[in-house]
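Peer 1: Before I ask anything, here is the structure I am working with.
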Amino acid sequence: MSTRTESGGDDPIIESEDQLVSLFAGGEKPQARWRIGTEHEKFVYSVKDHHAPSYEEKGGIHTLLIGLTRYGWEPIFEGENIIALAGSDGTISLEPAGQLELSGAPLENLHQTCAETGRHLEQVKYVGDMLGLGFLGVGMWPDKTRAELPIMPKGRYGIMLQHMPRVGSMGLDMMLRTCTIQTNLDYASEADMVQKFRVSLALQPLATALFANSPFTEGKPNGFLSYRSHIWSDTDPARTGMLPFVFEDGFGYERYAQYALDVPMYFVFRDGKYIDASGQSFRDFLKGKLPALPGELPSMSDWSDHLSTAFPEVRLKSFLEMRGADGGPWGSICALPAFWVGLLYDQGALDAAWDVVKGWSMDDRQALRDSVPRLGFDAPIGQGRTLRDIAGEVLDIAHAGLASRARLNDVGDNETGYLTMLREIVARGKTPAEMLLDRYHGEWNGDVSRVYAEESF
């Protein structure tokens, strides 16, 4: 989740709803300036006994952050606590129970993205080895109860932890027990944003299947392939889901702004602290009638903060965020952006991907989203077909898109090689979660703890 710092420089007060839309329009970039942002989370655990370290304990999360400063990372504080690090490779931040996230820098190509991932993982592994910490690449804690997990000292998390149980049964699981990989991509215009939003939203369940990697809860199979994805189905219906309006005529910046205004608030950030505004209305804030800050009008930073508290399958800020994938191994951190860049950053590929999904009804899309966490590639897409029937075709489109980009590394390879992991998954016909389950029922002999040895970075 986002790491908030004090706004520097100009932070205009919002005096009309037109300014809300300007944030989205301000994200427009010519194709030559399109970039790739990749975010990935991993679980931190003690090698000795697999417990999730607290912030304060000796050799825990605070010590880990301090250790990473040896690589030039600069601490970001909230009060007296270091809660993130900033550097040339982006931002390292903490999720609510100490999951460690790299929000990578905006990069020109996938070779740079994978190199960034490699630098980060080598750094955390080096410091982790000194502290007796390991890093696990799956979509959900395979063996931890909520009660066994620590809470990080970030103000927004305290507010969210109080609010989540009021609006859904699994919001605390989302915060405390899951990890994801996310890709952030640019658009050239409102029309370009709309086409990319529709294609990526429709195909987000395919990404969920390809990266499904959370089949265990508290030491046993949970009946799902992506339990992380299932958790979002009852986290907070006011801020999650498939957004049917995206596929309606007239969708654009204004319609998304209206959706975001209908999302209840969590907080307002003032003077380095989070003020609880949970359940209150940003529409009231625009009128100076927010109960948490009576008489105050919001700034553009407040609007940006608010946009970060909506959690649909695809999210619009000044770029588009793909949010459907479980956390996973090193290769998956390179494969997810390859999948979406291949589909969305070449017009021919984007048009071909739209041809695949344009005939789906909203009922088809919702049924697919609802069934994919449990069924994976066998999730239905209408007309007697499943995701299994289109997975290879969509990967072919992504491959063609990456080949067309012709971004070469130092030895002359283009970006298509980053799809190899996904091609192997489709050829095998089993999601990563099903492969874990095969090992659980086979060589692991029902011992989930084997995941630490086999799925750590």
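By order of appearance in the structure tokens: chains A, B, ..., then residues from 1 within every chain, and ligands from 1 in the order shown.
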Under the rule of at most 12 Å, produce a per-residue listing of stretch 70-181 of chain A near stretch 422-441 of chain A: chain, number, name, the closest pair of atoms, and the distance in Å, as a tab-separated table, using only C-alpha atoms.

Peer 2:
```
residue	atom	partner	partner_atom	distance
A:Gly137	CA	A:Pro432	CA	11.6
A:Val138	CA	A:Ala433	CA	9.2
A:Gly139	CA	A:Ala433	CA	9.5
A:Met140	CA	A:Ala433	CA	11.0
A:Pro142	CA	A:Leu436	CA	11.0
```

Peer 1: Can you tell me, as a count of residues only, which residues in stretch 204-338 of chain A count as helix (DSSP H, G or I) by DSSP?

Peer 2: 51

Peer 1: I'd like the contact shell of stretch 150-157 of chain A - 10 Å cut-off, only C-alpha atoms, skipping same-chain residues fewer than 5 positions apart - returned as a short mmCIF file (atom, residue, chain, number, x, y, z; two decimals) with C-alpha atoms, in the first residue's frame.

Peer 2:
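Result went into out08.cif, see below:
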```
data_model
loop_
_atom_site.label_atom_id
_atom_site.label_comp_id
_atom_site.auth_asym_id
_atom_site.auth_seq_id
_atom_site.Cartn_x
_atom_site.Cartn_y
_atom_site.Cartn_z
CA MET A 1 0.00 0.00 0.00
CA SER A 2 1.05 3.60 -0.51
CA THR A 3 3.59 5.28 1.73
CA ARG A 4 2.53 8.85 2.45
CA HIS A 51 7.68 -16.85 12.95
CA ALA A 52 6.78 -13.49 11.41
CA PRO A 53 9.11 -10.93 13.04
CA SER A 54 7.69 -7.86 14.71
CA TYR A 55 8.86 -4.35 14.00
CA GLU A 56 10.51 -3.91 17.37
CA ILE A 61 11.62 -5.51 10.61
CA HIS A 62 13.12 -2.24 11.89
CA PHE A 77 9.80 8.28 8.88
CA GLU A 78 6.33 8.37 10.35
CA GLY A 79 6.83 9.96 13.72
CA GLU A 80 9.92 8.30 15.15
CA ASN A 81 9.54 5.08 13.16
CA ILE A 82 11.19 4.20 9.87
CA ILE A 83 8.30 2.90 7.80
CA LEU A 94 5.89 -2.25 4.80
CA GLU A 95 2.53 -3.90 4.46
CA PRO A 96 0.40 -4.20 7.61
CA ALA A 97 1.94 -7.39 9.07
CA GLY A 98 5.47 -6.71 7.91
CA GLN A 99 5.26 -7.96 4.34
CA GLN A 162 -10.52 -0.90 12.89
CA HIS A 163 -12.72 -0.23 9.85
CA MET A 175 -4.16 -6.80 5.11
CA LEU A 176 -2.28 -9.28 7.25
CA TYR A 266 -10.44 5.98 5.37
CA PHE A 267 -8.35 8.93 6.55
CA VAL A 268 -6.90 12.38 5.98
CA PHE A 269 -3.16 13.02 6.38
CA GLY A 272 2.58 13.85 9.66
CA LYS A 273 -0.41 12.04 11.18
CA TYR A 274 -3.43 10.13 9.93
CA ILE A 275 -6.83 11.45 10.99
CA ASP A 276 -9.59 8.85 11.09
#
```

Peer 1: Given only C-alpha atoms as the basis, pick out the residue of A:Val127, A:Leu23, A:Cys114, A:Ile181 nearest to A:Asn409.

Peer 2: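 Result for the nearest residue to A:Asn409: A:Cys114.
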
Peer 1: Run DSSP on the backbone and grab whatever in stretch 219-413 of chain A lands in strand (DSSP E or B); send it over as a VMD selection string.

Peer 2: chain A and resid 220 to 221 226 240 to 241 267 to 270 273 to 276 299 311 to 312 314 to 316 320 to 326 380 to 382 385 to 386

Peer 1: Those residues with C-alpha atoms, as a compact mmCIF listing (two decimals), in the first residue's frame please?

Peer 2:
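Written out: part33.txt:
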```txt
# COMPACT_ATOMS: atom_id res chain seq x y z
CA LYS A 220 -3.84 -27.07 5.25
CA PRO A 221 -5.33 -26.80 1.75
CA SER A 226 -5.88 -18.24 -5.24
CA THR A 240 -13.53 -3.61 -4.73
CA GLY A 241 -14.76 -5.59 -7.71
CA PHE A 267 -8.35 8.93 6.55
CA VAL A 268 -6.90 12.38 5.98
CA PHE A 269 -3.16 13.02 6.38
CA ARG A 270 -2.22 16.19 8.26
CA LYS A 273 -0.41 12.04 11.18
CA TYR A 274 -3.43 10.13 9.93
CA ILE A 275 -6.83 11.45 10.99
CA ASP A 276 -9.59 8.85 11.09
CA SER A 299 -6.07 19.29 -1.59
CA PHE A 311 -9.17 -1.59 -4.50
CA PRO A 312 -10.86 -2.73 -7.73
CA VAL A 314 -7.79 -2.57 -12.06
CA ARG A 315 -7.24 0.86 -10.52
CA LEU A 316 -6.86 4.25 -12.18
CA LEU A 320 -3.38 2.03 -14.60
CA GLU A 321 -2.64 -0.61 -11.98
CA MET A 322 -3.08 -4.36 -12.64
CA ARG A 323 -4.07 -5.96 -9.32
CA GLY A 324 -5.04 -9.59 -10.00
CA ALA A 325 -1.89 -11.63 -9.30
CA ASP A 326 -0.67 -13.55 -6.25
CA PRO A 380 -15.93 -20.63 -17.32
CA ILE A 381 -16.13 -17.72 -19.75
CA GLY A 382 -19.47 -18.50 -21.38
CA ARG A 385 -15.45 -22.35 -22.84
CA THR A 386 -12.97 -21.87 -20.00
```

Peer 1: Given only C-alpha atoms as the basis, pick out the residue of A:Ile14, A:Cys179, A:Leu210, A:Met362 nearest to A:Glu39.

Peer 2: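 Of A:Ile14, A:Cys179, A:Leu210, A:Met362, the one nearest A:Glu39 is A:Cys179, counting only C-alpha atoms.
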
Peer 1: Per residue of stretch 141-208 of chain A within 12 Å of stretch 446-456 of chain A, what are the shortest atom pair and its distance in Å to one decimal, counting only C-alpha atoms, with rows by chain and residue number, as a Markdown table?

Peer 2:
```
| residue | atom | partner | partner_atom | distance |
| --- | --- | --- | --- | --- |
| A:Trp141 | CA | A:Val451 | CA | 10.3 |
| A:Pro142 | CA | A:Val448 | CA | 7.1 |
| A:Asp143 | CA | A:Val448 | CA | 7.2 |
| A:Lys144 | CA | A:Ser449 | CA | 10.9 |
```

Peer 1: Okay, now the selection with N, CA and C atoms, as a short mmCIF file (atom, residue, chain, number, x, y, z; two decimals), in the first residue's frame?

Peer 2:
```cif
data_model
loop_
_atom_site.label_atom_id
_atom_site.label_comp_id
_atom_site.auth_asym_id
_atom_site.auth_seq_id
_atom_site.Cartn_x
_atom_site.Cartn_y
_atom_site.Cartn_z
N TRP A 141 0.09 -16.22 3.55
CA TRP A 141 0.78 -16.98 4.58
C TRP A 141 0.23 -18.39 4.60
N PRO A 142 1.05 -19.41 4.42
CA PRO A 142 0.53 -20.77 4.33
C PRO A 142 0.20 -21.39 5.67
N ASP A 143 0.67 -20.79 6.77
CA ASP A 143 0.53 -21.47 8.06
C ASP A 143 0.20 -20.55 9.23
N LYS A 144 0.03 -19.25 9.00
CA LYS A 144 -0.12 -18.31 10.11
C LYS A 144 -1.59 -17.94 10.34
#
```

Peer 1: Please list as a ChimeraX atom specification every residue within 9 Å of A:Val124, counting only C-alpha atoms and excluding residues in the same chain fewer than 2 positions away.

Peer 2: /A:64,67-68,119-122,126-129,134-135

Peer 1: Could you please take those selected residues and save N, CA and C atoms as a PDB file, in the first residue's frame?

Peer 2:
```pdb
ATOM      1  N   LEU A  64      15.884  -4.825   9.805  1.00  0.00           N
ATOM      2  CA  LEU A  64      15.994  -5.117   8.379  1.00  0.00           C
ATOM      3  C   LEU A  64      16.047  -3.831   7.561  1.00  0.00           C
ATOM      4  N   GLY A  67      19.329  -2.204   7.999  1.00  0.00           N
ATOM      5  CA  GLY A  67      20.356  -2.928   7.265  1.00  0.00           C
ATOM      6  C   GLY A  67      20.377  -2.605   5.788  1.00  0.00           C
ATOM      7  N   LEU A  68      19.222  -2.348   5.208  1.00  0.00           N
ATOM      8  CA  LEU A  68      19.155  -2.055   3.779  1.00  0.00           C
ATOM      9  C   LEU A  68      19.713  -0.681   3.434  1.00  0.00           C
ATOM     10  N   ARG A 119      18.405  -6.864  -8.233  1.00  0.00           N
ATOM     11  CA  ARG A 119      19.158  -6.060  -7.262  1.00  0.00           C
ATOM     12  C   ARG A 119      18.471  -6.071  -5.904  1.00  0.00           C
ATOM     13  N   HIS A 120      17.164  -5.853  -5.927  1.00  0.00           N
ATOM     14  CA  HIS A 120      16.420  -5.779  -4.673  1.00  0.00           C
ATOM     15  C   HIS A 120      16.484  -7.107  -3.915  1.00  0.00           C
ATOM     16  N   LEU A 121      16.236  -8.207  -4.601  1.00  0.00           N
ATOM     17  CA  LEU A 121      16.220  -9.489  -3.913  1.00  0.00           C
ATOM     18  C   LEU A 121      17.603  -9.869  -3.406  1.00  0.00           C
ATOM     19  N   GLU A 122      18.629  -9.548  -4.148  1.00  0.00           N
ATOM     20  CA  GLU A 122      19.985  -9.814  -3.660  1.00  0.00           C
ATOM     21  C   GLU A 122      20.284  -8.998  -2.410  1.00  0.00           C
ATOM     22  N   TYR A 126      20.900 -10.663   1.309  1.00  0.00           N
ATOM     23  CA  TYR A 126      22.174 -10.443   2.003  1.00  0.00           C
ATOM     24  C   TYR A 126      21.928  -9.968   3.435  1.00  0.00           C
ATOM     25  N   VAL A 127      21.092  -8.948   3.581  1.00  0.00           N
ATOM     26  CA  VAL A 127      20.797  -8.436   4.917  1.00  0.00           C
ATOM     27  C   VAL A 127      20.032  -9.485   5.724  1.00  0.00           C
ATOM     28  N   GLY A 128      19.090 -10.164   5.072  1.00  0.00           N
ATOM     29  CA  GLY A 128      18.344 -11.210   5.763  1.00  0.00           C
ATOM     30  C   GLY A 128      19.228 -12.320   6.282  1.00  0.00           C
ATOM     31  N   ASP A 129      20.233 -12.720   5.509  1.00  0.00           N
ATOM     32  CA  ASP A 129      21.149 -13.771   5.967  1.00  0.00           C
ATOM     33  C   ASP A 129      21.876 -13.348   7.239  1.00  0.00           C
ATOM     34  N   GLY A 134      14.330 -14.915   6.356  1.00  0.00           N
ATOM     35  CA  GLY A 134      14.090 -15.393   5.005  1.00  0.00           C
ATOM     36  C   GLY A 134      12.909 -14.669   4.390  1.00  0.00           C
ATOM     37  N   PHE A 135      12.716 -14.891   3.077  1.00  0.00           N
ATOM     38  CA  PHE A 135      11.689 -14.169   2.326  1.00  0.00           C
ATOM     39  C   PHE A 135      10.943 -15.169   1.454  1.00  0.00           C
TER      40      PHE A 135
END
```

Peer 1: With only C-alpha atoms as the basis for distance, which of A:Ala277, A:Val44, A:Leu286, A:Val356 is at the shortest distance from A:Glu17?

Peer 2: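 Using only C-alpha atoms, A:Glu17 sits closest to A:Leu286.
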
Peer 1: Which residues come within 10 Å of A:Pro244, counting only C-alpha atoms, excluding same-chain residues fewer than 2 positions away, as a ChimeraX atom specification?

Peer 2: /A:198,201,241-242,246-248,361-363,365-366

Peer 1: For A:Ala32, list every protein, DNA or RNA residue within 10 Å, evaluated using only C-alpha atoms, and leave out those in the same chain fewer than 3 positions away; present the list as an NGL selection string.

Peer 2: :A and (29 or 35 or 108 or 188)

Peer 1: Based on the selection just made, write N, CA and C atoms of those residues as a compact mmCIF listing (two decimals), in the first residue's frame.

Peer 2:
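Written file, again26.txt:
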```txt
# COMPACT_ATOMS: atom_id res chain seq x y z
N LYS A 29 0.60 10.40 -21.54
CA LYS A 29 1.98 10.51 -22.03
C LYS A 29 2.06 9.99 -23.45
N ARG A 35 6.14 4.05 -19.40
CA ARG A 35 7.05 3.35 -18.52
C ARG A 35 6.36 2.14 -17.87
N GLU A 108 11.91 1.80 -18.60
CA GLU A 108 11.60 1.81 -20.02
C GLU A 108 11.31 0.43 -20.59
N ALA A 188 -1.95 7.01 -23.34
CA ALA A 188 -1.66 8.20 -24.15
C ALA A 188 -2.77 9.22 -24.11
```

Peer 1: Given the choices A:Gly104, A:Pro298, A:Pro205, A:Gly132, which gets closest to A:Tyr45 if the distance is worked out from only C-alpha atoms?

Peer 2: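 The shortest atom-to-atom distance to A:Tyr45 comes from A:Gly132.
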
Peer 1: As an exercise, work out the distance from atom CA of A:Ala202 to atom CA of A:Ala310 in Å and give it to one decimal place.

Peer 2: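 Atom CA of A:Ala310 lies at a distance of 18.2 Å from atom CA of A:Ala202.
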
Peer 1: Calculate how many Å separate atom CA of A:Arg177 from atom CA of A:Asp305, rounding to one decimal.

Peer 2: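 Separation between atom CA of A:Arg177 and atom CA of A:Asp305: 23.1 Å.
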
Peer 1: Which residues are near stretch 232-238 of chain A? Cut-off 6 Å, only C-alpha atoms, ignore same chain within fewer than 2 positions. Put them as a ChimeraX atom specification.

Peer 2: /A:167-171,229-230,240,263

Peer 1: Deliver the residues from the most recent selection as a file, using N, CA and C atoms, as a short mmCIF file (atom, residue, chain, number, x, y, z; two decimals), in the first residue's frame.

Peer 2:
```cif
data_model
loop_
_atom_site.label_atom_id
_atom_site.label_comp_id
_atom_site.auth_asym_id
_atom_site.auth_seq_id
_atom_site.Cartn_x
_atom_site.Cartn_y
_atom_site.Cartn_z
N VAL A 167 -17.14 -3.81 7.41
CA VAL A 167 -17.64 -3.82 6.03
C VAL A 167 -17.40 -5.14 5.29
N GLY A 168 -16.73 -6.08 5.90
CA GLY A 168 -16.48 -7.36 5.25
C GLY A 168 -15.84 -8.33 6.22
N SER A 169 -15.92 -9.62 5.89
CA SER A 169 -15.43 -10.64 6.80
C SER A 169 -13.95 -10.98 6.60
N MET A 170 -13.35 -10.53 5.47
CA MET A 170 -11.99 -10.98 5.17
C MET A 170 -10.99 -9.84 4.95
N GLY A 171 -11.38 -8.62 5.31
CA GLY A 171 -10.48 -7.50 5.12
C GLY A 171 -9.20 -7.63 5.93
N SER A 229 -7.13 -14.04 -3.98
CA SER A 229 -8.15 -13.44 -4.83
C SER A 229 -9.54 -13.61 -4.21
N HIS A 230 -9.81 -14.76 -3.63
CA HIS A 230 -11.10 -14.98 -2.97
C HIS A 230 -11.31 -14.00 -1.83
N THR A 240 -14.15 -2.50 -4.03
CA THR A 240 -13.53 -3.61 -4.73
C THR A 240 -14.39 -4.02 -5.92
N VAL A 263 -16.68 6.01 -3.10
CA VAL A 263 -15.94 5.13 -2.20
C VAL A 263 -15.78 5.83 -0.86
#
```

Peer 1: Name the closest residue to A:Ala209 among the candidates A:Phe377, A:Trp340, A:Tyr227, A:Phe457; distances are taken between atoms, counting only C-alpha atoms.

Peer 2: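 When distances to A:Ala209 are compared using only C-alpha atoms, the smallest one comes from A:Phe377.
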
Peer 1: Between atom CA of A:Ser22 and atom CA of A:Val194, what is the spacing in Å?

Peer 2: 15.8 Å
